[in-house]
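S.K.: File final05.cif follows (mmCIF, N, CA and C atoms):
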```cif
data_work
loop_
_atom_site.label_atom_id
_atom_site.label_comp_id
_atom_site.auth_asym_id
_atom_site.auth_seq_id
_atom_site.Cartn_x
_atom_site.Cartn_y
_atom_site.Cartn_z
N MET A 1 -60.51 -32.80 -94.80
CA MET A 1 -60.22 -33.01 -96.21
C MET A 1 -59.43 -34.31 -96.32
N SER A 2 -59.83 -35.19 -97.24
CA SER A 2 -59.08 -36.43 -97.45
C SER A 2 -57.94 -36.15 -98.41
N HIS A 3 -56.83 -36.82 -98.16
CA HIS A 3 -55.65 -36.62 -98.97
C HIS A 3 -55.47 -37.79 -99.92
N SER A 4 -54.86 -37.50 -101.04
CA SER A 4 -54.52 -38.55 -101.99
C SER A 4 -53.47 -39.46 -101.37
N GLN A 5 -53.50 -40.71 -101.77
CA GLN A 5 -52.57 -41.71 -101.25
C GLN A 5 -51.60 -42.12 -102.35
N VAL A 6 -50.44 -42.62 -101.95
CA VAL A 6 -49.48 -43.15 -102.91
C VAL A 6 -50.18 -44.24 -103.72
N GLY A 7 -50.04 -44.16 -105.03
CA GLY A 7 -50.68 -45.11 -105.94
C GLY A 7 -51.97 -44.59 -106.56
N ASP A 8 -52.57 -43.55 -105.99
CA ASP A 8 -53.79 -42.96 -106.56
C ASP A 8 -53.50 -42.33 -107.91
N ILE A 9 -54.46 -42.43 -108.82
CA ILE A 9 -54.43 -41.72 -110.10
C ILE A 9 -55.35 -40.52 -109.93
N ILE A 10 -54.79 -39.31 -110.08
CA ILE A 10 -55.57 -38.09 -109.89
C ILE A 10 -55.31 -37.13 -111.06
N GLU A 11 -56.19 -36.18 -111.21
CA GLU A 11 -56.07 -35.22 -112.30
C GLU A 11 -55.69 -33.86 -111.73
N GLY A 12 -54.65 -33.26 -112.31
CA GLY A 12 -54.19 -31.97 -111.82
C GLY A 12 -53.90 -31.00 -112.95
N THR A 13 -53.91 -29.74 -112.61
CA THR A 13 -53.65 -28.66 -113.55
C THR A 13 -52.28 -28.05 -113.29
N VAL A 14 -51.50 -27.88 -114.33
CA VAL A 14 -50.18 -27.27 -114.21
C VAL A 14 -50.37 -25.78 -113.92
N VAL A 15 -49.76 -25.33 -112.81
CA VAL A 15 -49.89 -23.92 -112.44
C VAL A 15 -48.56 -23.17 -112.49
N ARG A 16 -47.44 -23.89 -112.47
CA ARG A 16 -46.12 -23.28 -112.62
C ARG A 16 -45.20 -24.26 -113.32
N VAL A 17 -44.32 -23.75 -114.18
CA VAL A 17 -43.36 -24.60 -114.89
C VAL A 17 -41.95 -24.03 -114.67
N TYR A 18 -41.05 -24.91 -114.29
CA TYR A 18 -39.64 -24.59 -114.11
C TYR A 18 -38.86 -25.44 -115.12
N PRO A 19 -37.56 -25.24 -115.28
CA PRO A 19 -36.82 -26.01 -116.30
C PRO A 19 -36.93 -27.52 -116.16
N LYS A 20 -37.00 -28.05 -114.94
CA LYS A 20 -37.06 -29.51 -114.76
C LYS A 20 -38.22 -29.97 -113.88
N TYR A 21 -39.09 -29.05 -113.49
CA TYR A 21 -40.19 -29.35 -112.59
C TYR A 21 -41.44 -28.59 -113.01
N ALA A 22 -42.58 -29.13 -112.61
CA ALA A 22 -43.83 -28.39 -112.74
C ALA A 22 -44.60 -28.58 -111.45
N ILE A 23 -45.34 -27.57 -111.06
CA ILE A 23 -46.20 -27.65 -109.89
C ILE A 23 -47.63 -27.81 -110.40
N LEU A 24 -48.32 -28.82 -109.87
CA LEU A 24 -49.70 -29.08 -110.24
C LEU A 24 -50.61 -28.80 -109.06
N LEU A 25 -51.82 -28.34 -109.36
CA LEU A 25 -52.85 -28.10 -108.36
C LEU A 25 -53.98 -29.08 -108.64
N PHE A 26 -54.46 -29.71 -107.58
CA PHE A 26 -55.51 -30.71 -107.71
C PHE A 26 -56.81 -30.17 -107.14
N ASP A 27 -57.93 -30.76 -107.54
CA ASP A 27 -59.25 -30.26 -107.17
C ASP A 27 -59.45 -30.07 -105.67
N ASP A 28 -58.81 -30.91 -104.88
CA ASP A 28 -58.99 -30.81 -103.43
C ASP A 28 -57.96 -29.87 -102.80
N GLU A 29 -57.38 -28.99 -103.62
CA GLU A 29 -56.42 -27.97 -103.18
C GLU A 29 -55.07 -28.54 -102.78
N GLU A 30 -54.82 -29.81 -103.08
CA GLU A 30 -53.49 -30.37 -102.86
C GLU A 30 -52.58 -29.89 -103.97
N THR A 31 -51.27 -29.89 -103.69
CA THR A 31 -50.29 -29.54 -104.70
C THR A 31 -49.30 -30.68 -104.86
N GLY A 32 -48.69 -30.74 -106.03
CA GLY A 32 -47.71 -31.78 -106.29
C GLY A 32 -46.65 -31.31 -107.25
N LEU A 33 -45.51 -32.01 -107.20
CA LEU A 33 -44.39 -31.70 -108.06
C LEU A 33 -44.22 -32.82 -109.08
N LEU A 34 -44.18 -32.44 -110.36
CA LEU A 34 -43.90 -33.38 -111.45
C LEU A 34 -42.49 -33.08 -111.93
N HIS A 35 -41.58 -34.02 -111.70
CA HIS A 35 -40.17 -33.86 -112.10
C HIS A 35 -40.00 -34.36 -113.53
N ILE A 36 -39.03 -33.80 -114.25
CA ILE A 36 -38.77 -34.18 -115.63
C ILE A 36 -38.57 -35.70 -115.78
N SER A 37 -37.99 -36.34 -114.78
CA SER A 37 -37.74 -37.79 -114.85
C SER A 37 -39.02 -38.60 -114.76
N GLU A 38 -40.13 -37.98 -114.34
CA GLU A 38 -41.41 -38.67 -114.24
C GLU A 38 -42.36 -38.32 -115.38
N LEU A 39 -41.84 -37.65 -116.39
CA LEU A 39 -42.66 -37.26 -117.53
C LEU A 39 -42.80 -38.39 -118.53
N SER A 40 -41.70 -39.08 -118.82
CA SER A 40 -41.69 -40.09 -119.87
C SER A 40 -40.57 -41.09 -119.60
N ASN A 41 -40.71 -42.29 -120.17
CA ASN A 41 -39.63 -43.27 -120.10
C ASN A 41 -38.53 -42.93 -121.09
N SER A 42 -38.82 -42.05 -122.05
CA SER A 42 -37.83 -41.59 -123.02
C SER A 42 -37.15 -40.33 -122.48
N TYR A 43 -35.99 -40.01 -123.05
CA TYR A 43 -35.26 -38.80 -122.66
C TYR A 43 -36.06 -37.57 -123.07
N VAL A 44 -36.22 -36.64 -122.17
CA VAL A 44 -36.92 -35.38 -122.44
C VAL A 44 -35.90 -34.26 -122.34
N ARG A 45 -35.64 -33.59 -123.45
CA ARG A 45 -34.67 -32.51 -123.48
C ARG A 45 -35.30 -31.19 -123.03
N ASN A 46 -36.52 -30.91 -123.47
CA ASN A 46 -37.16 -29.63 -123.20
C ASN A 46 -38.46 -29.84 -122.44
N PHE A 47 -38.37 -29.83 -121.13
CA PHE A 47 -39.53 -30.06 -120.27
C PHE A 47 -40.67 -29.10 -120.59
N ALA A 48 -40.34 -27.82 -120.74
CA ALA A 48 -41.37 -26.81 -121.00
C ALA A 48 -42.03 -26.99 -122.37
N GLY A 49 -41.40 -27.76 -123.26
CA GLY A 49 -42.01 -28.06 -124.54
C GLY A 49 -43.16 -29.06 -124.42
N TYR A 50 -43.17 -29.80 -123.34
CA TYR A 50 -44.21 -30.80 -123.10
C TYR A 50 -45.26 -30.34 -122.10
N VAL A 51 -44.82 -29.58 -121.11
CA VAL A 51 -45.68 -29.21 -120.00
C VAL A 51 -45.84 -27.70 -119.96
N GLN A 52 -47.09 -27.23 -120.06
CA GLN A 52 -47.35 -25.79 -120.02
C GLN A 52 -48.44 -25.47 -119.00
N VAL A 53 -48.39 -24.26 -118.46
CA VAL A 53 -49.41 -23.80 -117.51
C VAL A 53 -50.79 -23.95 -118.15
N GLY A 54 -51.70 -24.52 -117.41
CA GLY A 54 -53.07 -24.73 -117.88
C GLY A 54 -53.32 -26.15 -118.36
N ASN A 55 -52.27 -26.91 -118.69
CA ASN A 55 -52.46 -28.30 -119.10
C ASN A 55 -53.00 -29.11 -117.92
N ILE A 56 -53.87 -30.06 -118.22
CA ILE A 56 -54.43 -30.95 -117.21
C ILE A 56 -53.94 -32.35 -117.51
N TYR A 57 -53.40 -33.00 -116.50
CA TYR A 57 -52.85 -34.35 -116.66
C TYR A 57 -53.40 -35.29 -115.61
N LYS A 58 -53.53 -36.54 -116.01
CA LYS A 58 -53.76 -37.60 -115.04
C LYS A 58 -52.38 -38.06 -114.62
N VAL A 59 -52.15 -38.07 -113.32
CA VAL A 59 -50.85 -38.46 -112.79
C VAL A 59 -51.04 -39.46 -111.67
N LYS A 60 -49.96 -40.19 -111.39
CA LYS A 60 -49.97 -41.15 -110.29
C LYS A 60 -49.19 -40.55 -109.12
N VAL A 61 -49.75 -40.65 -107.93
CA VAL A 61 -49.07 -40.18 -106.72
C VAL A 61 -47.97 -41.19 -106.40
N ILE A 62 -46.70 -40.75 -106.39
CA ILE A 62 -45.59 -41.67 -106.10
C ILE A 62 -44.98 -41.42 -104.73
N ASP A 63 -45.29 -40.28 -104.13
CA ASP A 63 -44.81 -39.99 -102.78
C ASP A 63 -45.70 -38.92 -102.19
N TYR A 64 -45.95 -39.02 -100.89
CA TYR A 64 -46.75 -38.01 -100.20
C TYR A 64 -46.13 -37.74 -98.85
N ASP A 65 -45.88 -36.48 -98.57
CA ASP A 65 -45.33 -36.07 -97.29
C ASP A 65 -46.42 -35.33 -96.52
N PRO A 66 -47.03 -36.00 -95.52
CA PRO A 66 -48.14 -35.36 -94.80
C PRO A 66 -47.70 -34.14 -93.99
N GLU A 67 -46.45 -34.12 -93.54
CA GLU A 67 -45.98 -32.96 -92.77
C GLU A 67 -45.91 -31.71 -93.65
N LYS A 68 -45.48 -31.89 -94.89
CA LYS A 68 -45.38 -30.77 -95.83
C LYS A 68 -46.65 -30.61 -96.64
N ASP A 69 -47.58 -31.60 -96.53
CA ASP A 69 -48.82 -31.62 -97.31
C ASP A 69 -48.51 -31.43 -98.79
N PHE A 70 -47.62 -32.27 -99.28
CA PHE A 70 -47.11 -32.13 -100.64
C PHE A 70 -46.88 -33.50 -101.26
N MET A 71 -47.16 -33.62 -102.56
CA MET A 71 -47.01 -34.88 -103.27
C MET A 71 -45.96 -34.78 -104.36
N LYS A 72 -45.35 -35.91 -104.68
CA LYS A 72 -44.57 -36.06 -105.90
C LYS A 72 -45.44 -36.94 -106.79
N VAL A 73 -45.55 -36.55 -108.06
CA VAL A 73 -46.43 -37.27 -108.97
C VAL A 73 -45.69 -37.68 -110.23
N SER A 74 -46.25 -38.67 -110.93
CA SER A 74 -45.63 -39.21 -112.13
C SER A 74 -46.64 -39.26 -113.26
N LEU A 75 -46.23 -38.78 -114.42
CA LEU A 75 -47.05 -38.92 -115.62
C LEU A 75 -46.78 -40.26 -116.28
N LYS A 76 -45.53 -40.69 -116.27
CA LYS A 76 -45.19 -41.96 -116.91
C LYS A 76 -45.74 -43.15 -116.12
N GLY A 77 -46.12 -42.95 -114.88
CA GLY A 77 -46.69 -44.02 -114.07
C GLY A 77 -48.15 -44.30 -114.36
N VAL A 78 -48.77 -43.51 -115.24
CA VAL A 78 -50.17 -43.70 -115.61
C VAL A 78 -50.21 -44.51 -116.90
N THR A 79 -50.92 -45.63 -116.88
CA THR A 79 -50.98 -46.50 -118.06
C THR A 79 -51.80 -45.85 -119.17
N SER A 80 -51.60 -46.33 -120.38
CA SER A 80 -52.36 -45.79 -121.52
C SER A 80 -53.85 -46.01 -121.32
N GLN A 81 -54.23 -47.10 -120.69
CA GLN A 81 -55.64 -47.35 -120.43
C GLN A 81 -56.20 -46.30 -119.46
N GLU A 82 -55.40 -45.91 -118.48
CA GLU A 82 -55.84 -44.89 -117.51
C GLU A 82 -55.87 -43.50 -118.14
N ARG A 83 -55.12 -43.31 -119.22
CA ARG A 83 -55.05 -41.99 -119.88
C ARG A 83 -56.11 -41.79 -120.95
N LYS A 84 -56.90 -42.80 -121.26
CA LYS A 84 -57.81 -42.73 -122.42
C LYS A 84 -58.69 -41.50 -122.47
N LYS A 85 -59.10 -41.01 -121.32
CA LYS A 85 -59.94 -39.82 -121.30
C LYS A 85 -59.13 -38.65 -121.86
N PRO A 86 -59.67 -37.91 -122.83
CA PRO A 86 -58.92 -36.78 -123.42
C PRO A 86 -58.59 -35.72 -122.37
N LEU A 87 -57.43 -35.13 -122.54
CA LEU A 87 -57.01 -34.06 -121.64
C LEU A 87 -57.72 -32.77 -122.03
N ARG A 88 -57.96 -31.93 -121.05
CA ARG A 88 -58.59 -30.65 -121.32
C ARG A 88 -57.75 -29.55 -120.67
N LYS A 89 -57.97 -28.33 -121.09
CA LYS A 89 -57.26 -27.19 -120.51
C LYS A 89 -58.28 -26.28 -119.83
N LYS A 90 -57.81 -25.62 -118.79
CA LYS A 90 -58.65 -24.60 -118.17
C LYS A 90 -57.76 -23.42 -117.81
N LYS A 91 -58.36 -22.26 -117.78
CA LYS A 91 -57.61 -21.04 -117.45
C LYS A 91 -57.35 -21.00 -115.95
N ILE A 92 -56.14 -20.61 -115.61
CA ILE A 92 -55.74 -20.45 -114.21
C ILE A 92 -55.41 -18.99 -114.00
N ASN A 93 -56.07 -18.39 -113.05
CA ASN A 93 -55.77 -17.01 -112.68
C ASN A 93 -54.71 -17.07 -111.58
N GLU A 94 -53.45 -16.83 -111.93
CA GLU A 94 -52.34 -17.00 -110.99
C GLU A 94 -52.45 -16.09 -109.77
N GLU A 95 -53.16 -14.98 -109.87
CA GLU A 95 -53.30 -14.08 -108.73
C GLU A 95 -54.12 -14.73 -107.61
N ASP A 96 -54.94 -15.74 -107.96
CA ASP A 96 -55.79 -16.40 -106.98
C ASP A 96 -55.06 -17.52 -106.23
N ILE A 97 -53.82 -17.84 -106.64
CA ILE A 97 -53.10 -18.96 -106.06
C ILE A 97 -51.84 -18.43 -105.37
N SER A 98 -51.65 -18.83 -104.14
CA SER A 98 -50.45 -18.42 -103.41
C SER A 98 -49.40 -19.52 -103.50
N PHE A 99 -48.21 -19.16 -103.95
CA PHE A 99 -47.12 -20.11 -104.08
C PHE A 99 -46.02 -19.84 -103.05
N ALA A 100 -46.28 -18.98 -102.09
CA ALA A 100 -45.25 -18.57 -101.14
C ALA A 100 -44.61 -19.76 -100.43
N GLU A 101 -45.42 -20.66 -99.89
CA GLU A 101 -44.88 -21.81 -99.16
C GLU A 101 -44.13 -22.75 -100.10
N LEU A 102 -44.68 -22.98 -101.29
CA LEU A 102 -44.01 -23.86 -102.25
C LEU A 102 -42.68 -23.26 -102.69
N GLU A 103 -42.67 -21.97 -102.95
CA GLU A 103 -41.44 -21.33 -103.41
C GLU A 103 -40.37 -21.33 -102.32
N LYS A 104 -40.78 -21.28 -101.06
CA LYS A 104 -39.81 -21.36 -99.97
C LYS A 104 -39.19 -22.76 -99.91
N LYS A 105 -40.00 -23.79 -100.14
CA LYS A 105 -39.56 -25.18 -100.01
C LYS A 105 -38.89 -25.72 -101.27
N LEU A 106 -39.14 -25.14 -102.43
CA LEU A 106 -38.65 -25.68 -103.69
C LEU A 106 -37.13 -25.92 -103.71
N PRO A 107 -36.30 -24.97 -103.27
CA PRO A 107 -34.85 -25.24 -103.27
C PRO A 107 -34.48 -26.47 -102.45
N GLU A 108 -35.16 -26.66 -101.31
CA GLU A 108 -34.91 -27.84 -100.46
C GLU A 108 -35.29 -29.12 -101.20
N TRP A 109 -36.45 -29.13 -101.87
CA TRP A 109 -36.90 -30.33 -102.59
C TRP A 109 -35.98 -30.63 -103.77
N ILE A 110 -35.53 -29.59 -104.46
CA ILE A 110 -34.61 -29.78 -105.59
C ILE A 110 -33.31 -30.40 -105.08
N LYS A 111 -32.81 -29.88 -103.97
CA LYS A 111 -31.60 -30.41 -103.38
C LYS A 111 -31.77 -31.89 -103.01
N GLU A 112 -32.90 -32.22 -102.39
CA GLU A 112 -33.21 -33.62 -102.03
C GLU A 112 -33.25 -34.50 -103.27
N GLU A 113 -33.93 -34.03 -104.30
CA GLU A 113 -34.10 -34.80 -105.53
C GLU A 113 -32.75 -35.06 -106.20
N ASN A 114 -31.87 -34.09 -106.13
CA ASN A 114 -30.54 -34.23 -106.77
C ASN A 114 -29.55 -34.94 -105.88
N GLY A 115 -29.96 -35.31 -104.66
CA GLY A 115 -29.09 -36.04 -103.76
C GLY A 115 -28.00 -35.20 -103.12
N ASP A 116 -28.20 -33.89 -103.10
CA ASP A 116 -27.20 -32.99 -102.50
C ASP A 116 -27.34 -32.94 -101.00
#
```
Once more with this new file: its structure as structure tokens, please.
M.R.:
Amino acid sequence: MSHSQVGDIIEGTVVRVYPKYAILLFDDEETGLLHISELSNSYVRNFAGYVQVGNIYKVKVIDYDPEKDFMKVSLKGVTSQERKKPLRKKKINEEDISFAELEKKLPEWIKEENGD
């Protein structure tokens, strides 16, 4: 399976939303984290007001850790020209997706992101 590279523009579906993070699933079964700071250049008070499960976004890969097989992605890193294609929604059956590994690692990633 080929992996996305830093700088790639890819389309992913939101499968989980947390107060400051969302987990996206991509067509090639890769997963990525969209942090509130990568949503917009403007201040975002309510992350969940913008990002909901089932939303599909074009995002830019800003970091990839091959050991963890995990990406950090940015919505604000995608230009308006790259976003022109309308977004669509699709139903996600959460029972079909295992988040066990992501949920184990999430506290570590949050700590890293906050510089703790």
S.K.: Using only C-alpha atoms for the distances, tell me which of A:Val51, A:Leu106, A:Asp27, A:Tyr18 is nearest to A:His3.
M.R.: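 Closest to A:His3 of all the choices is A:Asp27.
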S.K.: Evaluate the PyMOL selection byres ((chain A and resi 40-42) around 8) and record the selected residues as a ChimeraX atom specification, following the chain and residue labels used in the document.
M.R.: /A:35-39,43-45,74-77
S.K.: Which one of A:Val15, A:Ala22, A:Leu34, A:Ile10 sits closest to A:Val59 if you count only C-alpha atoms?
M.R.: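 Smallest distance to A:Val59 is found for A:Ile10.
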S.K.: Identify, with DSSP run on backbone atoms, the residues in stretch 9-116 of chain A assigned to strand (DSSP E or B), and express the list as a PDB file with N, CA and C atoms, keeping the file's coordinate frame.
M.R.:
```pdb
ATOM      1  N   ILE A   9     -54.460 -42.430-108.820  1.00  0.00           N
ATOM      2  CA  ILE A   9     -54.430 -41.720-110.100  1.00  0.00           C
ATOM      3  C   ILE A   9     -55.350 -40.520-109.930  1.00  0.00           C
ATOM      4  N   ILE A  10     -54.790 -39.310-110.080  1.00  0.00           N
ATOM      5  CA  ILE A  10     -55.570 -38.090-109.890  1.00  0.00           C
ATOM      6  C   ILE A  10     -55.310 -37.130-111.060  1.00  0.00           C
ATOM      7  N   GLU A  11     -56.190 -36.180-111.210  1.00  0.00           N
ATOM      8  CA  GLU A  11     -56.070 -35.220-112.300  1.00  0.00           C
ATOM      9  C   GLU A  11     -55.690 -33.860-111.730  1.00  0.00           C
ATOM     10  N   GLY A  12     -54.650 -33.260-112.310  1.00  0.00           N
ATOM     11  CA  GLY A  12     -54.190 -31.970-111.820  1.00  0.00           C
ATOM     12  C   GLY A  12     -53.900 -31.000-112.950  1.00  0.00           C
ATOM     13  N   THR A  13     -53.910 -29.740-112.610  1.00  0.00           N
ATOM     14  CA  THR A  13     -53.650 -28.660-113.550  1.00  0.00           C
ATOM     15  C   THR A  13     -52.280 -28.050-113.290  1.00  0.00           C
ATOM     16  N   VAL A  14     -51.500 -27.880-114.330  1.00  0.00           N
ATOM     17  CA  VAL A  14     -50.180 -27.270-114.210  1.00  0.00           C
ATOM     18  C   VAL A  14     -50.370 -25.780-113.920  1.00  0.00           C
ATOM     19  N   VAL A  15     -49.760 -25.330-112.810  1.00  0.00           N
ATOM     20  CA  VAL A  15     -49.890 -23.920-112.440  1.00  0.00           C
ATOM     21  C   VAL A  15     -48.560 -23.170-112.490  1.00  0.00           C
ATOM     22  N   ARG A  16     -47.440 -23.890-112.470  1.00  0.00           N
ATOM     23  CA  ARG A  16     -46.120 -23.280-112.620  1.00  0.00           C
ATOM     24  C   ARG A  16     -45.200 -24.260-113.320  1.00  0.00           C
ATOM     25  N   VAL A  17     -44.320 -23.750-114.180  1.00  0.00           N
ATOM     26  CA  VAL A  17     -43.360 -24.600-114.890  1.00  0.00           C
ATOM     27  C   VAL A  17     -41.950 -24.030-114.670  1.00  0.00           C
ATOM     28  N   TYR A  21     -39.090 -29.050-113.490  1.00  0.00           N
ATOM     29  CA  TYR A  21     -40.190 -29.350-112.590  1.00  0.00           C
ATOM     30  C   TYR A  21     -41.440 -28.590-113.010  1.00  0.00           C
ATOM     31  N   ALA A  22     -42.580 -29.130-112.610  1.00  0.00           N
ATOM     32  CA  ALA A  22     -43.830 -28.390-112.740  1.00  0.00           C
ATOM     33  C   ALA A  22     -44.600 -28.580-111.450  1.00  0.00           C
ATOM     34  N   ILE A  23     -45.340 -27.570-111.060  1.00  0.00           N
ATOM     35  CA  ILE A  23     -46.200 -27.650-109.890  1.00  0.00           C
ATOM     36  C   ILE A  23     -47.630 -27.810-110.400  1.00  0.00           C
ATOM     37  N   LEU A  24     -48.320 -28.820-109.870  1.00  0.00           N
ATOM     38  CA  LEU A  24     -49.700 -29.080-110.240  1.00  0.00           C
ATOM     39  C   LEU A  24     -50.610 -28.800-109.060  1.00  0.00           C
ATOM     40  N   LEU A  25     -51.820 -28.340-109.360  1.00  0.00           N
ATOM     41  CA  LEU A  25     -52.850 -28.100-108.360  1.00  0.00           C
ATOM     42  C   LEU A  25     -53.980 -29.080-108.640  1.00  0.00           C
ATOM     43  N   PHE A  26     -54.460 -29.710-107.580  1.00  0.00           N
ATOM     44  CA  PHE A  26     -55.510 -30.710-107.710  1.00  0.00           C
ATOM     45  C   PHE A  26     -56.810 -30.170-107.140  1.00  0.00           C
ATOM     46  N   THR A  31     -51.270 -29.890-103.690  1.00  0.00           N
ATOM     47  CA  THR A  31     -50.290 -29.540-104.700  1.00  0.00           C
ATOM     48  C   THR A  31     -49.300 -30.680-104.860  1.00  0.00           C
ATOM     49  N   GLY A  32     -48.690 -30.740-106.030  1.00  0.00           N
ATOM     50  CA  GLY A  32     -47.710 -31.780-106.290  1.00  0.00           C
ATOM     51  C   GLY A  32     -46.650 -31.310-107.250  1.00  0.00           C
ATOM     52  N   LEU A  33     -45.510 -32.010-107.200  1.00  0.00           N
ATOM     53  CA  LEU A  33     -44.390 -31.700-108.060  1.00  0.00           C
ATOM     54  C   LEU A  33     -44.220 -32.820-109.080  1.00  0.00           C
ATOM     55  N   LEU A  34     -44.180 -32.440-110.360  1.00  0.00           N
ATOM     56  CA  LEU A  34     -43.900 -33.380-111.450  1.00  0.00           C
ATOM     57  C   LEU A  34     -42.490 -33.080-111.930  1.00  0.00           C
ATOM     58  N   HIS A  35     -41.580 -34.020-111.700  1.00  0.00           N
ATOM     59  CA  HIS A  35     -40.170 -33.860-112.100  1.00  0.00           C
ATOM     60  C   HIS A  35     -40.000 -34.360-113.530  1.00  0.00           C
ATOM     61  N   ASN A  55     -52.270 -26.910-118.690  1.00  0.00           N
ATOM     62  CA  ASN A  55     -52.460 -28.300-119.100  1.00  0.00           C
ATOM     63  C   ASN A  55     -53.000 -29.110-117.920  1.00  0.00           C
ATOM     64  N   ILE A  56     -53.870 -30.060-118.220  1.00  0.00           N
ATOM     65  CA  ILE A  56     -54.430 -30.950-117.210  1.00  0.00           C
ATOM     66  C   ILE A  56     -53.940 -32.350-117.510  1.00  0.00           C
ATOM     67  N   TYR A  57     -53.400 -33.000-116.500  1.00  0.00           N
ATOM     68  CA  TYR A  57     -52.850 -34.350-116.660  1.00  0.00           C
ATOM     69  C   TYR A  57     -53.400 -35.290-115.610  1.00  0.00           C
ATOM     70  N   LYS A  58     -53.530 -36.540-116.010  1.00  0.00           N
ATOM     71  CA  LYS A  58     -53.760 -37.600-115.040  1.00  0.00           C
ATOM     72  C   LYS A  58     -52.380 -38.060-114.620  1.00  0.00           C
ATOM     73  N   VAL A  59     -52.150 -38.070-113.320  1.00  0.00           N
ATOM     74  CA  VAL A  59     -50.850 -38.460-112.790  1.00  0.00           C
ATOM     75  C   VAL A  59     -51.040 -39.460-111.670  1.00  0.00           C
ATOM     76  N   LYS A  60     -49.960 -40.190-111.390  1.00  0.00           N
ATOM     77  CA  LYS A  60     -49.970 -41.150-110.290  1.00  0.00           C
ATOM     78  C   LYS A  60     -49.190 -40.550-109.120  1.00  0.00           C
ATOM     79  N   VAL A  61     -49.750 -40.650-107.930  1.00  0.00           N
ATOM     80  CA  VAL A  61     -49.070 -40.180-106.720  1.00  0.00           C
ATOM     81  C   VAL A  61     -47.970 -41.190-106.400  1.00  0.00           C
ATOM     82  N   ILE A  62     -46.700 -40.750-106.390  1.00  0.00           N
ATOM     83  CA  ILE A  62     -45.590 -41.670-106.100  1.00  0.00           C
ATOM     84  C   ILE A  62     -44.980 -41.420-104.730  1.00  0.00           C
ATOM     85  N   ASP A  63     -45.290 -40.280-104.130  1.00  0.00           N
ATOM     86  CA  ASP A  63     -44.810 -39.990-102.780  1.00  0.00           C
ATOM     87  C   ASP A  63     -45.700 -38.920-102.190  1.00  0.00           C
ATOM     88  N   TYR A  64     -45.950 -39.020-100.890  1.00  0.00           N
ATOM     89  CA  TYR A  64     -46.750 -38.010-100.200  1.00  0.00           C
ATOM     90  C   TYR A  64     -46.130 -37.740 -98.850  1.00  0.00           C
ATOM     91  N   ASP A  65     -45.880 -36.480 -98.570  1.00  0.00           N
ATOM     92  CA  ASP A  65     -45.330 -36.070 -97.290  1.00  0.00           C
ATOM     93  C   ASP A  65     -46.420 -35.330 -96.520  1.00  0.00           C
ATOM     94  N   PHE A  70     -47.620 -32.270 -99.280  1.00  0.00           N
ATOM     95  CA  PHE A  70     -47.110 -32.130-100.640  1.00  0.00           C
ATOM     96  C   PHE A  70     -46.880 -33.500-101.260  1.00  0.00           C
ATOM     97  N   MET A  71     -47.160 -33.620-102.560  1.00  0.00           N
ATOM     98  CA  MET A  71     -47.010 -34.880-103.270  1.00  0.00           C
ATOM     99  C   MET A  71     -45.960 -34.780-104.360  1.00  0.00           C
ATOM    100  N   LYS A  72     -45.350 -35.910-104.680  1.00  0.00           N
ATOM    101  CA  LYS A  72     -44.570 -36.060-105.900  1.00  0.00           C
ATOM    102  C   LYS A  72     -45.440 -36.940-106.790  1.00  0.00           C
ATOM    103  N   VAL A  73     -45.550 -36.550-108.060  1.00  0.00           N
ATOM    104  CA  VAL A  73     -46.430 -37.270-108.970  1.00  0.00           C
ATOM    105  C   VAL A  73     -45.690 -37.680-110.230  1.00  0.00           C
ATOM    106  N   SER A  74     -46.250 -38.670-110.930  1.00  0.00           N
ATOM    107  CA  SER A  74     -45.630 -39.210-112.130  1.00  0.00           C
ATOM    108  C   SER A  74     -46.640 -39.260-113.260  1.00  0.00           C
ATOM    109  N   LYS A  89     -57.970 -28.330-121.090  1.00  0.00           N
ATOM    110  CA  LYS A  89     -57.260 -27.190-120.510  1.00  0.00           C
ATOM    111  C   LYS A  89     -58.280 -26.280-119.830  1.00  0.00           C
TER     112      LYS A  89
END
```
S.K.: Tell me, as an MDAnalysis selection string, which residues lie within 5 Å of A:Met71, counting all atoms listed in the file; anything in the same chain fewer than 6 positions away does not count.
M.R.: chainID A and resid 31:33 63:64
S.K.: Apply the PyMOL selection byres ((chain A and resi 12) around 8) to the displayed file and report the matching residues as a count of residues only.
M.R.: 17
S.K.: Would you mind telling me which residue in A:Lys105, A:Lys68, A:Lys111, A:Lys60 lies nearest to A:Gly7 when using all atoms listed in the file?
M.R.: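 Smallest distance to A:Gly7 is found for A:Lys60.
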S.K.: Enter the distance from atom CA of A:Glu103 to atom CA of A:Arg16, in Å, rounded to one decimal.
M.R.: 10.5 Å
S.K.: Let me know the centre plus edge lengths, in Å and rounded to one decimal, of a box with edges along x, y and z that contains all listed atoms of stretch 96-115 of chain A and is padded by 5 Å on every side, as AutoDock Vina command-line options.
M.R.:
```
--center_x -41.9 --center_y -25.9 --center_z -103.6 --size_x 37.8 --size_y 30.3 --size_z 18.8
```
